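A.B. asks: Can you keep this structure in mind? I'll have questions shortly.
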Amino acid sequence: LAWTGKVVGIADGDTITVLNNGRGEKIRLHGIDTPEKGQAFGNKAKAVTGSMLRGRVVEITPMTTDRYGRTVALVYVDGQSLNESLVRNGYAWVYRKYCKEAFCSEWPDLEENASNEKKGMWRDPHILPPWEYRQIGRQQQVSSSSFAMGSGGVSKALAASGSYHGNVNS
C-alpha cells in the first residue's frame, strides 16, 4: 500500500529515510544500484538523490523488505519515479538480479542510453557496478584478515623492513 512522507535523510544514492507515522523509515530504492560511497561517483549519486529529495514529500510504493529490514520501494517525487530517473541520468544501474517487474523491462534501455550519451557516472570508462565493487572489497577484507592472522613473524618482518604501517590516527 503506497504512502507519503517527508524525506529526512539521504544515506547514499539509493537509500533514504522518510517519515512514516512520525518515525524515520529506511527506504532502499527498488530495482537499481548506485555507486558506493567509496567508489567513483558514489558521492555524486548521493548528491543527486539529495538535490531531488531533501526536505520533499515523496510517495513510497513498497515492493518488499530486504535482509537489513529496510523497505525496498519505488519512490515518486512530483509523480516521477526517482528510481527510473537515476538510471536515465546515469547515476544508477538497473539491478537486474532484483528488478523483475514489467516496468523494469524498459530500464535497461534507459541505462544503455545514459551510457552511450556519457551521462553521470558513464563519463568514467572504468566505472564498476557496485555489486562488483562490493565483491572486491569483501575479497580484500578476507585476504587482509587472513594475512593479519598469519604468523607473528610476518608482522615482525614487515616492521623490521620499515614497510609496516600502523594507524596514523593513534
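The way I read the labels, and the way they are meant: chains A, B, ... in the order of the C-alpha cells, residue 1 as the first residue of every chain, and ligand 1 as the first ligand shown, with later ones counted on from there.
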Among chain A, which ones does DSSP assign to strand (DSSP E) (computed from the backbone)? Answer as a ChimeraX atom specification.
C.D. replies: /A:3-12,15-20,23-29,32-33,57-65,71-77,80-81,93-94
A.B. asks: Just the residues within 12 Å of A:Lys119, please, counting only C-alpha atoms, with nothing from its chain fewer than 6 positions along; format it as a VMD selection string.
C.D. replies: chain A and resid 41 45 85 to 92 110 to 113 125
A.B. asks: Those residues with C-alpha atoms, as a PDB file, in the first residue's frame please?
C.D. replies:
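Okay, out11.pdb is ready:
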ATOM      1  CA  PHE A  41      30.504   8.850  -8.466  1.00  0.00           C
ATOM      2  CA  ALA A  45      24.902   9.875  -6.803  1.00  0.00           C
ATOM      3  CA  SER A  85      15.309   8.999 -13.122  1.00  0.00           C
ATOM      4  CA  LEU A  86      18.606   7.906 -11.545  1.00  0.00           C
ATOM      5  CA  VAL A  87      19.044   5.271 -14.273  1.00  0.00           C
ATOM      6  CA  ARG A  88      18.036   7.726 -17.021  1.00  0.00           C
ATOM      7  CA  ASN A  89      20.540  10.341 -15.808  1.00  0.00           C
ATOM      8  CA  GLY A  90      23.471   7.950 -15.416  1.00  0.00           C
ATOM      9  CA  TYR A  91      23.654   7.617 -11.633  1.00  0.00           C
ATOM     10  CA  ALA A  92      22.325   4.068 -11.235  1.00  0.00           C
ATOM     11  CA  LEU A 110      17.482   3.922 -20.286  1.00  0.00           C
ATOM     12  CA  GLU A 111      20.753   2.654 -18.794  1.00  0.00           C
ATOM     13  CA  GLU A 112      22.203   2.000 -22.242  1.00  0.00           C
ATOM     14  CA  ASN A 113      21.155   5.449 -23.495  1.00  0.00           C
ATOM     15  CA  PRO A 125      35.089   4.387 -18.790  1.00  0.00           C
TER      16      PRO A 125
END
A.B. asks: Point out the residue among A:Leu1, A:Leu19, A:Ala40, A:Leu128 with the least atom-to-atom distance to A:Met63, counting only C-alpha atoms.
C.D. replies: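 The answer is A:Leu1, which sits nearest to A:Met63.
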A.B. asks: Counting only C-alpha atoms, which of A:Gly137, A:Gly69, A:Pro130, A:Gly120 gets nearest to A:Ile32?
C.D. replies: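 Using only C-alpha atoms, the shortest distance to A:Ile32 belongs to A:Pro130.
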A.B. asks: Any idea what the distance is between atom CA of A:Tyr98 and atom CA of A:Ala114?
C.D. replies: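 So the two atoms, atom CA of A:Tyr98 and atom CA of A:Ala114, lie 20.5 Å apart.
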